[in-house]
Amino acid sequence: MTEEEKMRWFLLRASTVVGGRVQYFDEIFEDKFFKALESLFFEKDNPLETKDEEFEDIFRFVTEALDRGA
């Protein structure tokens with residue numbers, strides 16, 4: 001068996017074993033991200049005036065929260 005074939009089988013097994021868990025991780029990320037954006041929306045008098053930096057802060061907040069949970 002070549003190295004390329006070994007790698008293909010390895011990745012196939014990995015995707016089979018952890019595929020569902022990765023999908024679950026995506027759902028958690030989407031949920032946290034949506035809740036953070038919703039919170040930002042409702043704390044603003046005029047949410048349409050939200051600055052780009054505030055959206056970046058939301059992204060950082062969510063990814064840092066996920067890093068702490070890992």
# chains A, B, ... in the order shown; residues from 1 in each chain; ligands from 1

call {"tool": "residues_around", "arguments": {"residues": "A:Phe33", "least_positions_apart": "6", "cutoff": "9 Å", "atoms": "only C-alpha atoms", "output": "mmCIF file with N, CA and C atoms, in the first residue's frame"}}
result
data_model
loop_
_atom_site.group_PDB
_atom_site.id
_atom_site.type_symbol
_atom_site.label_atom_id
_atom_site.label_comp_id
_atom_site.auth_asym_id
_atom_site.auth_seq_id
_atom_site.Cartn_x
_atom_site.Cartn_y
_atom_site.Cartn_z
ATOM 1 N N ILE A 58 -17.391 40.466 18.195
ATOM 2 C CA ILE A 58 -18.276 39.314 18.377
ATOM 3 C C ILE A 58 -17.562 38.045 17.932
ATOM 4 N N PHE A 59 -16.925 38.109 16.780
ATOM 5 C CA PHE A 59 -16.207 36.942 16.272
ATOM 6 C C PHE A 59 -15.114 36.517 17.252
ATOM 7 N N PHE A 61 -14.955 37.155 20.493
ATOM 8 C CA PHE A 61 -15.598 36.668 21.711
ATOM 9 C C PHE A 61 -16.016 35.206 21.560
ATOM 10 N N VAL A 62 -16.663 34.890 20.440
ATOM 11 C CA VAL A 62 -17.162 33.532 20.239
ATOM 12 C C VAL A 62 -16.006 32.551 20.080
ATOM 13 N N THR A 63 -15.005 32.896 19.285
ATOM 14 C CA THR A 63 -13.897 31.961 19.083
ATOM 15 C C THR A 63 -13.089 31.778 20.361
#

call {"tool": "residues_around", "arguments": {"residues": "A:Leu40", "least_positions_apart": "6", "cutoff": "10 Å", "atoms": "only C-alpha atoms", "output": "PyMOL selection string"}}
result
chain A and resi 34+47+50+54-55+58

call {"tool": "write_last_selection", "arguments": {"atoms": "C-alpha atoms", "output": "short mmCIF file (atom, residue, chain, number, x, y, z; two decimals), in the first residue's frame"}}
result
data_model
loop_
_atom_site.label_atom_id
_atom_site.label_comp_id
_atom_site.auth_asym_id
_atom_site.auth_seq_id
_atom_site.Cartn_x
_atom_site.Cartn_y
_atom_site.Cartn_z
CA PHE A 34 -26.16 34.01 16.64
CA PRO A 47 -28.42 48.48 15.21
CA THR A 50 -23.06 49.02 14.31
CA GLU A 54 -18.09 45.51 16.85
CA PHE A 55 -18.77 42.57 14.53
CA ILE A 58 -18.28 39.31 18.38
#

call {"tool": "atom_distance", "arguments": {"atom1": "atom CA of A:Ala14", "atom2": "atom CA of A:Arg68"}}
result
24.1 Å

call {"tool": "select_by_dssp", "arguments": {"residues": "chain A", "states": "alpha helix (DSSP H)", "output": "ChimeraX atom specification"}}
result
/A:3-43,52-69

call {"tool": "write_last_selection", "arguments": {"atoms": "C-alpha atoms", "output": "short mmCIF file (atom, residue, chain, number, x, y, z; two decimals), in the first residue's frame"}}
result
data_model
loop_
_atom_site.label_atom_id
_atom_site.label_comp_id
_atom_site.auth_asym_id
_atom_site.auth_seq_id
_atom_site.Cartn_x
_atom_site.Cartn_y
_atom_site.Cartn_z
CA GLU A 3 1.65 6.38 1.39
CA GLU A 4 -1.06 8.08 -0.63
CA GLU A 5 -3.41 5.12 -0.19
CA LYS A 6 -2.63 4.99 3.54
CA MET A 7 -3.43 8.70 3.82
CA ARG A 8 -6.70 8.22 1.93
CA TRP A 9 -7.79 5.37 4.23
CA PHE A 10 -6.68 7.31 7.31
CA LEU A 11 -8.72 10.37 6.30
CA LEU A 12 -11.73 8.23 5.41
CA ARG A 13 -11.69 6.61 8.86
CA ALA A 14 -11.14 9.95 10.59
CA SER A 15 -14.08 11.54 8.77
CA THR A 16 -16.29 8.57 9.63
CA VAL A 17 -15.39 8.64 13.32
CA VAL A 18 -15.39 12.39 13.98
CA GLY A 19 -17.67 13.66 11.21
CA GLY A 20 -20.74 13.84 13.44
CA ARG A 21 -18.82 15.52 16.20
CA VAL A 22 -17.53 18.20 13.84
CA GLN A 23 -21.08 18.87 12.70
CA TYR A 24 -22.11 19.22 16.37
CA PHE A 25 -19.24 21.71 16.84
CA ASP A 26 -20.55 23.73 13.89
CA GLU A 27 -24.00 23.86 15.48
CA ILE A 28 -22.54 25.07 18.79
CA PHE A 29 -20.51 27.74 17.00
CA GLU A 30 -23.54 28.93 15.02
CA ASP A 31 -25.66 29.06 18.18
CA LYS A 32 -23.09 31.05 20.15
CA PHE A 33 -22.46 33.36 17.22
CA PHE A 34 -26.16 34.01 16.64
CA LYS A 35 -26.83 34.68 20.33
CA ALA A 36 -23.92 37.14 20.49
CA LEU A 37 -25.16 38.98 17.40
CA GLU A 38 -28.71 39.02 18.72
CA SER A 39 -27.47 40.51 21.99
CA LEU A 40 -25.52 43.20 20.11
CA PHE A 41 -28.60 43.99 18.01
CA PHE A 42 -30.87 44.50 21.00
CA GLU A 43 -28.42 46.56 23.03
CA ASP A 52 -17.37 46.74 11.66
CA GLU A 53 -15.11 46.54 14.71
CA GLU A 54 -18.09 45.51 16.85
CA PHE A 55 -18.77 42.57 14.53
CA GLU A 56 -15.08 41.65 14.74
CA ASP A 57 -15.36 41.77 18.54
CA ILE A 58 -18.28 39.31 18.38
CA PHE A 59 -16.21 36.94 16.27
CA ARG A 60 -13.29 37.16 18.73
CA PHE A 61 -15.60 36.67 21.71
CA VAL A 62 -17.16 33.53 20.24
CA THR A 63 -13.90 31.96 19.08
CA GLU A 64 -12.22 32.69 22.43
CA ALA A 65 -15.20 31.16 24.27
CA LEU A 66 -14.89 28.05 22.13
CA ASP A 67 -11.12 27.91 22.75
CA ARG A 68 -11.71 28.01 26.52
CA GLY A 69 -14.20 25.17 26.21
#

call {"tool": "decode", "arguments": {"residues": "stretch 8-48 of chain A", "atoms": "N, CA and C atoms", "output": "PDB file, in the first residue's frame"}}
result
ATOM      1  N   ARG A   8      -5.295   8.235   2.327  1.00  0.00           N
ATOM      2  CA  ARG A   8      -6.701   8.221   1.931  1.00  0.00           C
ATOM      3  C   ARG A   8      -7.534   7.401   2.914  1.00  0.00           C
ATOM      4  N   TRP A   9      -7.072   6.223   3.278  1.00  0.00           N
ATOM      5  CA  TRP A   9      -7.792   5.370   4.233  1.00  0.00           C
ATOM      6  C   TRP A   9      -7.843   6.014   5.622  1.00  0.00           C
ATOM      7  N   PHE A  10      -6.738   6.623   6.016  1.00  0.00           N
ATOM      8  CA  PHE A  10      -6.678   7.308   7.308  1.00  0.00           C
ATOM      9  C   PHE A  10      -7.725   8.415   7.363  1.00  0.00           C
ATOM     10  N   LEU A  11      -7.772   9.257   6.334  1.00  0.00           N
ATOM     11  CA  LEU A  11      -8.724  10.370   6.305  1.00  0.00           C
ATOM     12  C   LEU A  11     -10.165   9.884   6.203  1.00  0.00           C
ATOM     13  N   LEU A  12     -10.392   8.798   5.485  1.00  0.00           N
ATOM     14  CA  LEU A  12     -11.729   8.225   5.411  1.00  0.00           C
ATOM     15  C   LEU A  12     -12.198   7.764   6.787  1.00  0.00           C
ATOM     16  N   ARG A  13     -11.328   7.060   7.506  1.00  0.00           N
ATOM     17  CA  ARG A  13     -11.689   6.611   8.859  1.00  0.00           C
ATOM     18  C   ARG A  13     -11.905   7.786   9.795  1.00  0.00           C
ATOM     19  N   ALA A  14     -11.011   8.781   9.714  1.00  0.00           N
ATOM     20  CA  ALA A  14     -11.140   9.953  10.587  1.00  0.00           C
ATOM     21  C   ALA A  14     -12.463  10.663  10.330  1.00  0.00           C
ATOM     22  N   SER A  15     -12.822  10.839   9.074  1.00  0.00           N
ATOM     23  CA  SER A  15     -14.076  11.538   8.771  1.00  0.00           C
ATOM     24  C   SER A  15     -15.281  10.732   9.228  1.00  0.00           C
ATOM     25  N   THR A  16     -15.192   9.422   9.170  1.00  0.00           N
ATOM     26  CA  THR A  16     -16.289   8.566   9.632  1.00  0.00           C
ATOM     27  C   THR A  16     -16.457   8.664  11.141  1.00  0.00           C
ATOM     28  N   VAL A  17     -15.343   8.637  11.860  1.00  0.00           N
ATOM     29  CA  VAL A  17     -15.392   8.635  13.320  1.00  0.00           C
ATOM     30  C   VAL A  17     -15.773   9.997  13.883  1.00  0.00           C
ATOM     31  N   VAL A  18     -15.170  11.073  13.369  1.00  0.00           N
ATOM     32  CA  VAL A  18     -15.390  12.390  13.979  1.00  0.00           C
ATOM     33  C   VAL A  18     -16.320  13.298  13.178  1.00  0.00           C
ATOM     34  N   GLY A  19     -16.808  12.834  12.052  1.00  0.00           N
ATOM     35  CA  GLY A  19     -17.669  13.665  11.211  1.00  0.00           C
ATOM     36  C   GLY A  19     -18.870  14.223  11.947  1.00  0.00           C
ATOM     37  N   GLY A  20     -19.578  13.384  12.683  1.00  0.00           N
ATOM     38  CA  GLY A  20     -20.742  13.845  13.438  1.00  0.00           C
ATOM     39  C   GLY A  20     -20.383  14.832  14.528  1.00  0.00           C
ATOM     40  N   ARG A  21     -19.255  14.611  15.139  1.00  0.00           N
ATOM     41  CA  ARG A  21     -18.820  15.524  16.205  1.00  0.00           C
ATOM     42  C   ARG A  21     -18.471  16.890  15.644  1.00  0.00           C
ATOM     43  N   VAL A  22     -17.865  16.922  14.474  1.00  0.00           N
ATOM     44  CA  VAL A  22     -17.532  18.199  13.845  1.00  0.00           C
ATOM     45  C   VAL A  22     -18.812  18.951  13.494  1.00  0.00           C
ATOM     46  N   GLN A  23     -19.803  18.235  13.012  1.00  0.00           N
ATOM     47  CA  GLN A  23     -21.076  18.865  12.697  1.00  0.00           C
ATOM     48  C   GLN A  23     -21.694  19.446  13.969  1.00  0.00           C
ATOM     49  N   TYR A  24     -21.614  18.734  15.081  1.00  0.00           N
ATOM     50  CA  TYR A  24     -22.112  19.224  16.366  1.00  0.00           C
ATOM     51  C   TYR A  24     -21.372  20.495  16.769  1.00  0.00           C
ATOM     52  N   PHE A  25     -20.051  20.524  16.545  1.00  0.00           N
ATOM     53  CA  PHE A  25     -19.240  21.706  16.843  1.00  0.00           C
ATOM     54  C   PHE A  25     -19.722  22.892  16.017  1.00  0.00           C
ATOM     55  N   ASP A  26     -20.035  22.662  14.742  1.00  0.00           N
ATOM     56  CA  ASP A  26     -20.549  23.731  13.887  1.00  0.00           C
ATOM     57  C   ASP A  26     -21.845  24.293  14.444  1.00  0.00           C
ATOM     58  N   GLU A  27     -22.721  23.406  14.924  1.00  0.00           N
ATOM     59  CA  GLU A  27     -24.002  23.859  15.482  1.00  0.00           C
ATOM     60  C   GLU A  27     -23.789  24.697  16.733  1.00  0.00           C
ATOM     61  N   ILE A  28     -22.843  24.292  17.578  1.00  0.00           N
ATOM     62  CA  ILE A  28     -22.537  25.066  18.786  1.00  0.00           C
ATOM     63  C   ILE A  28     -22.014  26.439  18.406  1.00  0.00           C
ATOM     64  N   PHE A  29     -21.089  26.472  17.445  1.00  0.00           N
ATOM     65  CA  PHE A  29     -20.512  27.741  16.995  1.00  0.00           C
ATOM     66  C   PHE A  29     -21.602  28.657  16.449  1.00  0.00           C
ATOM     67  N   GLU A  30     -22.465  28.122  15.586  1.00  0.00           N
ATOM     68  CA  GLU A  30     -23.537  28.929  15.018  1.00  0.00           C
ATOM     69  C   GLU A  30     -24.459  29.470  16.105  1.00  0.00           C
ATOM     70  N   ASP A  31     -24.781  28.637  17.094  1.00  0.00           N
ATOM     71  CA  ASP A  31     -25.663  29.057  18.178  1.00  0.00           C
ATOM     72  C   ASP A  31     -25.029  30.179  18.991  1.00  0.00           C
ATOM     73  N   LYS A  32     -23.768  30.012  19.373  1.00  0.00           N
ATOM     74  CA  LYS A  32     -23.087  31.051  20.152  1.00  0.00           C
ATOM     75  C   LYS A  32     -22.955  32.337  19.351  1.00  0.00           C
ATOM     76  N   PHE A  33     -22.633  32.199  18.072  1.00  0.00           N
ATOM     77  CA  PHE A  33     -22.457  33.365  17.218  1.00  0.00           C
ATOM     78  C   PHE A  33     -23.776  34.113  17.060  1.00  0.00           C
ATOM     79  N   PHE A  34     -24.860  33.380  16.802  1.00  0.00           N
ATOM     80  CA  PHE A  34     -26.161  34.013  16.638  1.00  0.00           C
ATOM     81  C   PHE A  34     -26.601  34.718  17.916  1.00  0.00           C
ATOM     82  N   LYS A  35     -26.423  34.061  19.058  1.00  0.00           N
ATOM     83  CA  LYS A  35     -26.828  34.675  20.328  1.00  0.00           C
ATOM     84  C   LYS A  35     -26.033  35.954  20.605  1.00  0.00           C
ATOM     85  N   ALA A  36     -24.747  35.940  20.284  1.00  0.00           N
ATOM     86  CA  ALA A  36     -23.920  37.139  20.493  1.00  0.00           C
ATOM     87  C   ALA A  36     -24.369  38.269  19.574  1.00  0.00           C
ATOM     88  N   LEU A  37     -24.677  37.952  18.321  1.00  0.00           N
ATOM     89  CA  LEU A  37     -25.157  38.980  17.396  1.00  0.00           C
ATOM     90  C   LEU A  37     -26.522  39.502  17.818  1.00  0.00           C
ATOM     91  N   GLU A  38     -27.378  38.612  18.265  1.00  0.00           N
ATOM     92  CA  GLU A  38     -28.707  39.018  18.724  1.00  0.00           C
ATOM     93  C   GLU A  38     -28.586  39.970  19.913  1.00  0.00           C
ATOM     94  N   SER A  39     -27.689  39.652  20.825  1.00  0.00           N
ATOM     95  CA  SER A  39     -27.465  40.507  21.985  1.00  0.00           C
ATOM     96  C   SER A  39     -26.976  41.886  21.555  1.00  0.00           C
ATOM     97  N   LEU A  40     -26.032  41.923  20.620  1.00  0.00           N
ATOM     98  CA  LEU A  40     -25.521  43.196  20.110  1.00  0.00           C
ATOM     99  C   LEU A  40     -26.646  43.990  19.458  1.00  0.00           C
ATOM    100  N   PHE A  41     -27.472  43.328  18.688  1.00  0.00           N
ATOM    101  CA  PHE A  41     -28.596  43.994  18.009  1.00  0.00           C
ATOM    102  C   PHE A  41     -29.515  44.679  19.011  1.00  0.00           C
ATOM    103  N   PHE A  42     -29.891  43.964  20.066  1.00  0.00           N
ATOM    104  CA  PHE A  42     -30.874  44.496  21.002  1.00  0.00           C
ATOM    105  C   PHE A  42     -30.302  45.503  21.994  1.00  0.00           C
ATOM    106  N   GLU A  43     -28.980  45.555  22.130  1.00  0.00           N
ATOM    107  CA  GLU A  43     -28.415  46.563  23.032  1.00  0.00           C
ATOM    108  C   GLU A  43     -28.229  47.909  22.346  1.00  0.00           C
ATOM    109  N   LYS A  44     -28.437  47.948  21.055  1.00  0.00           N
ATOM    110  CA  LYS A  44     -28.252  49.182  20.276  1.00  0.00           C
ATOM    111  C   LYS A  44     -29.568  49.932  20.114  1.00  0.00           C
ATOM    112  N   ASP A  45     -29.501  51.265  20.174  1.00  0.00           N
ATOM    113  CA  ASP A  45     -30.668  52.076  19.835  1.00  0.00           C
ATOM    114  C   ASP A  45     -30.949  51.965  18.338  1.00  0.00           C
ATOM    115  N   ASN A  46     -29.876  52.000  17.545  1.00  0.00           N
ATOM    116  CA  ASN A  46     -30.009  51.839  16.098  1.00  0.00           C
ATOM    117  C   ASN A  46     -28.977  50.795  15.642  1.00  0.00           C
ATOM    118  N   PRO A  47     -29.373  49.537  15.551  1.00  0.00           N
ATOM    119  CA  PRO A  47     -28.424  48.476  15.211  1.00  0.00           C
ATOM    120  C   PRO A  47     -27.769  48.654  13.847  1.00  0.00           C
ATOM    121  N   LEU A  48     -28.390  49.439  12.966  1.00  0.00           N
ATOM    122  CA  LEU A  48     -27.807  49.643  11.644  1.00  0.00           C
ATOM    123  C   LEU A  48     -26.550  50.517  11.699  1.00  0.00           C
TER     124      LEU A  48
END
